Each structure stands twice: as structure tokens, then as C-alpha cells.
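Source file: run-v2.tsv; contents: TSV, C-alpha atoms and all ligand atoms.
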chain	number	residue	atom	x	y	z
X	372	MET	CA	-79.65	83.91	1.14
X	373	LYS	CA	-77.71	80.97	2.04
X	374	THR	CA	-74.07	81.14	1.78
X	375	ALA	CA	-72.57	78.00	0.82
X	376	LEU	CA	-69.19	77.59	1.95
X	377	ARG	CA	-67.45	75.11	0.16
X	378	LEU	CA	-64.43	73.85	1.72
X	379	ALA	CA	-62.01	72.42	-0.45
X	380	GLY	CA	-60.63	69.43	1.05
X	381	LEU	CA	-57.02	69.19	1.17
X	382	ALA	CA	-55.69	66.00	0.13
X	383	ALA	CA	-52.72	65.24	2.00
X	384	ALA	CA	-50.20	63.54	-0.06
X	385	PHE	CA	-48.11	61.13	1.71
X	386	VAL	CA	-44.92	60.55	0.06
X	387	MET	CA	-43.71	57.23	0.98
X	388	ALA	CA	-40.05	57.08	0.83
X	389	ALA	CA	-39.09	53.96	-0.95
X	390	CYS	CA	-37.18	51.61	1.18
X	391	ASP	CA	-33.72	51.61	-0.33
X	392	ASP	CA	-31.90	48.35	0.10
X	393	SER	CA	-29.24	49.15	-2.40
X	394	THR	CA	-26.71	49.89	0.26
X	395	PRO	CA	-24.39	46.87	0.26
X	396	ALA	CA	-24.26	45.01	3.46
X	397	PRO	CA	-20.80	44.70	4.86
X	398	THR	CA	-19.21	41.48	3.81
X	399	PRO	CA	-18.30	39.47	6.83
X	400	THR	CA	-14.62	38.75	7.01
X	401	PRO	CA	-14.09	35.04	7.13
X	402	THR	CA	-12.52	33.89	10.30
X	403	PRO	CA	-9.45	31.82	9.60
X	404	THR	CA	-9.94	28.31	10.80
X	405	SER	CA	-6.94	26.86	12.46
X	406	VAL	CA	-6.17	23.39	11.19
X	407	PRO	CA	-4.52	21.30	13.84
X	408	ALA	CA	-1.34	19.66	12.64
X	409	ALA	CA	-1.49	15.91	12.54
X	410	ASP	CA	-0.01	14.45	15.62
X	411	MET	CA	2.36	11.90	14.22
X	412	ALA	CA	3.00	10.42	17.60
X	413	THR	CA	-0.55	9.21	17.91
X	414	MET	CA	-0.84	7.78	14.40
X	415	PRO	CA	-0.89	4.00	14.37
X	416	ASN	CA	2.04	2.29	12.76
X	417	PRO	CA	0.46	0.31	9.90
X	418	ASN	CA	3.04	-2.42	10.00
X	419	PRO	CA	4.95	-2.38	13.28
X	420	ASN	CA	6.41	-5.84	13.05
X	421	PRO	CA	5.15	-7.91	10.14
X	422	ASN	CA	6.78	-11.15	11.10
X	423	PRO	CA	8.58	-11.13	14.42
X	424	THR	CA	9.04	-14.86	14.41
X	425	SER	CA	10.69	-15.40	11.03
X	426	PRO	CA	13.09	-18.29	11.38
X	427	MET	CA	16.78	-18.02	10.65
X	428	THR	CA	16.71	-21.10	8.47
X	429	ALA	CA	14.41	-22.70	5.94
X	430	ALA	CA	14.57	-25.98	4.06
X	431	VAL	CA	13.27	-26.57	0.54
X	432	THR	CA	13.08	-29.84	-1.34
X	433	VAL	CA	14.01	-29.55	-4.99
X	434	GLY	CA	11.82	-31.61	-7.30
X	435	PRO	CA	10.56	-34.20	-4.84
X	436	GLY	CA	10.00	-37.47	-6.70
X	437	THR	CA	9.37	-36.42	-10.26
X	438	ALA	CA	7.62	-33.17	-9.40
X	439	LEU	CA	8.71	-30.08	-11.29
X	440	ALA	CA	8.41	-27.96	-8.19
X	441	PHE	CA	10.12	-26.57	-5.13
X	442	ALA	CA	8.52	-27.69	-1.89
X	443	PRO	CA	7.49	-25.49	-0.28
X	444	GLN	CA	7.33	-23.06	-3.14
X	445	ASN	CA	7.68	-19.98	-0.89
X	446	VAL	CA	9.59	-19.68	2.35
X	447	ASP	CA	9.99	-16.89	4.89
X	448	ILE	CA	13.15	-16.22	6.82
X	449	ALA	CA	14.64	-13.42	8.88
X	450	ALA	CA	17.31	-11.19	7.38
X	451	GLY	CA	20.62	-12.92	7.80
X	452	GLY	CA	18.96	-16.33	7.58
X	453	THR	CA	19.95	-19.20	5.33
X	454	VAL	CA	17.88	-21.35	2.99
X	455	THR	CA	19.06	-24.86	2.21
X	456	TRP	CA	17.72	-26.66	-0.85
X	457	THR	CA	17.96	-30.45	-0.96
X	458	TRP	CA	17.52	-32.37	-4.19
X	459	GLY	CA	14.90	-34.96	-3.47
X	460	GLY	CA	13.97	-36.54	-6.78
X	461	THR	CA	15.25	-38.34	-9.81
X	462	LEU	CA	15.47	-35.43	-12.23
X	463	ALA	CA	18.10	-32.77	-12.74
X	464	HIS	CA	17.24	-29.28	-11.48
X	465	SER	CA	18.85	-26.01	-10.54
X	466	VAL	CA	18.14	-23.32	-7.98
X	467	THR	CA	18.78	-20.12	-9.90
X	468	SER	CA	18.00	-16.56	-8.82
X	469	ASP	CA	15.97	-14.45	-11.21
X	470	THR	CA	18.49	-11.66	-10.70
X	471	GLY	CA	21.65	-13.73	-10.75
X	472	LEU	CA	22.20	-13.38	-7.01
X	473	PHE	CA	22.69	-17.13	-6.56
X	474	ASP	CA	22.86	-20.25	-8.70
X	475	SER	CA	23.35	-23.84	-7.66
X	476	GLY	CA	24.04	-25.09	-11.14
X	477	VAL	CA	22.24	-28.14	-12.49
X	478	LYS	CA	22.39	-31.05	-10.07
X	479	MET	CA	20.61	-34.35	-9.41
X	480	THR	CA	21.58	-34.84	-5.76
X	481	GLY	CA	23.00	-32.97	-2.86
X	482	THR	CA	22.24	-29.58	-1.34
X	483	PHE	CA	22.71	-25.89	-1.97
X	484	SER	CA	22.57	-23.12	0.63
X	485	PHE	CA	22.41	-19.37	0.41
X	486	ARG	CA	22.38	-16.72	3.13
X	487	PHE	CA	20.03	-13.76	2.62
X	488	VAL	CA	21.34	-10.60	4.25
X	489	THR	CA	18.84	-8.00	3.09
X	490	ALA	CA	15.07	-7.98	3.49
X	491	GLY	CA	13.10	-8.42	0.29
X	492	THR	CA	11.54	-10.97	-1.99
X	493	TYR	CA	13.91	-13.19	-3.93
X	494	ASN	CA	12.45	-15.15	-6.81
X	495	TYR	CA	14.22	-18.11	-8.30
X	496	PHE	CA	13.61	-20.91	-10.79
X	497	CYS	CA	15.00	-24.08	-12.29
X	498	THR	CA	16.95	-23.52	-15.48
X	499	VAL	CA	16.20	-27.06	-16.67
X	500	HIS	CA	12.43	-26.74	-16.52
X	501	GLY	CA	12.04	-23.00	-16.91
X	502	ARG	CA	10.91	-20.10	-14.81
X	503	ASN	CA	7.30	-20.47	-15.91
X	504	ILE	CA	7.06	-24.06	-14.68
X	505	MET	CA	9.42	-24.56	-11.78
X	506	PHE	CA	9.92	-21.56	-9.57
X	507	GLY	CA	9.86	-20.38	-5.99
X	508	SER	CA	10.57	-17.45	-3.75
X	509	VAL	CA	12.33	-16.57	-0.55
X	510	ILE	CA	10.79	-13.73	1.45
X	511	VAL	CA	13.33	-12.20	3.79
X	512	HIS	CA	12.03	-10.06	6.67
B	1	CU	CU	13.73	-28.49	-12.57
What would you get if you wrote out this structure as C-alpha cells?
Ligand SMILES: [Cu+2]
Amino acid sequence: MKTALRLAGLAAAFVMAACDDSTPAPTPTPTPTSVPAADMATMPNPNPNPNPTSPMTAAVTVGPGTALAFAPQNVDIAAGGTVTWTWGGTLAHSVTSDTGLFDSGVKMTGTFSFRFVTAGTYNYFCTVHGRNIMFGSVIVH
């Protein structure tokens, strides 16, 4: 007689634990970044001295010949400087500020002077020929 011994194999069950990634990772706290304040002392001055050599006087010819113009049309002077206009032609003209600051009246000869105390741009024209035709400016620094 032959005794058969059957051995039941045991299956070993391996339970694999699922890897659980559901645990939230700690959120890193942002490190405050220090922003350096602008050093005003080292910033370049964009316009330190726009025109250090502006003259104290300027001369303008009013209507040279028969021209309906001021020559030169634009002049630069330093604050406190004086512009003198000289009538140089055969037509009547005026030197009249756009803002009413100065006005020579209509003349055919002679001169007109005005002293500009405050920096700025001063536009003027001739009342005879109109501000769209005969005009100029004084830029005071
Ligand atoms: Cu004129």
C-alpha cells in the first residue's frame, strides 16, 4: 500500500500595502525677500544743468526787410535776462505776448525790450500779421 501524502501547498498571500501619498506635503513658507530701497543719492540727475551758458541778453530783428518773421524766431536767455527787439524792415509789426505779459504795440521803427524774470517758454506774435504767420518764442532758463 502506498500512502500518498498530499501536501497542500500553502499559498502565502502577500498583502502589499498600497503606497499612500495622500498625506499633504508641508507647504513651504515663502521666505520674504527684502527689497532694497532705491538709493536716491546714486541716481543720476536727468537734467543737472540744461543750459549753463544761457546769455543774459538776446537780440531779435522784427520783420527784416519785408519778411513776416522774427529773426531769430526762438531765443534762449538766462532768467533775469533781457530780450531786445529791433524793427528792421519796412512794414508795421508788433511784439505781443500770447499771454499778455508784454506788448510793444504796433511800430515801424525803433526797439522794444523786456526782462524775463522766471524760467519758462514765452510765446509771442505780431498782431498785424497774426499768430499763425508771424510768431516767436523766448526760452528762459
Ligand atoms: Cu508783423
For this session: Measure the distance from CA of Met505 (chain X) to CA of Phe441 (chain X) in Å and round it to one decimal.
Result: 7.0 Å
Exercise. Residues at most 7 Å from ligand CU 1 (chain B), using all atoms listed in the file? Could they come as JSON, numbers by chain?
Worked result: {"X": [434, 439, 440, 463, 464, 465, 497, 498, 499, 500, 505]}
Seminar exercise, completed: Computed gap from CA of Gly452 (chain X) to CA of Ser484 (chain X) is 10.4 Å
For this session: Enumerate, as a PyMOL selection string, the protein, DNA and RNA residues whose atoms approach (23.4, -21.9, -10.7) to within 9 Å, taking into account all atoms listed in the file and the coordinate frame of the file.
Result: chain X and resi 465-468+471+473-477+497-498
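Residue neighbourhood of Asn494 (chain X), excluding near-sequence residues (fewer than 3 positions): Asp469, Gly507 and Ser508 of chain X, at 6 Å, using all atoms listed in the file.
The space between CA of Gly459 (chain X) and CA of Gly481 (chain X) spans 8.4 Å.
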Seminar exercise, completed: Using all atoms listed in the file, the best pick from X:Leu462, X:Ala429, X:Ile504, X:Leu472 as closest to Val446 (chain X) would be X:Ala429
Specify the axis-aligned box that encloses all atoms of region 490-501 of chain X listed in the file after padding of 6 Å on each side, stating its centre and edge lengths in Å to one decimal as AutoDock Vina command-line options.
--center_x 14.2 --center_y -17.5 --center_z -6.7 --size_x 17.4 --size_y 31.1 --size_z 32.4
Problem set entry | All residues 8 Å or closer to Phe487 (chain X), only C-alpha atoms, same chain fewer than 5 positions away omitted, as a ChimeraX atom specification | /X:450-454,511
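The set of protein, DNA and RNA residues with any counted atom at most 7 Å from (12.1, -40.2, -6.6) (all atoms listed in the file) reads Pro435, Gly436, Thr437, Gly459, Gly460 and Thr461 of chain X.
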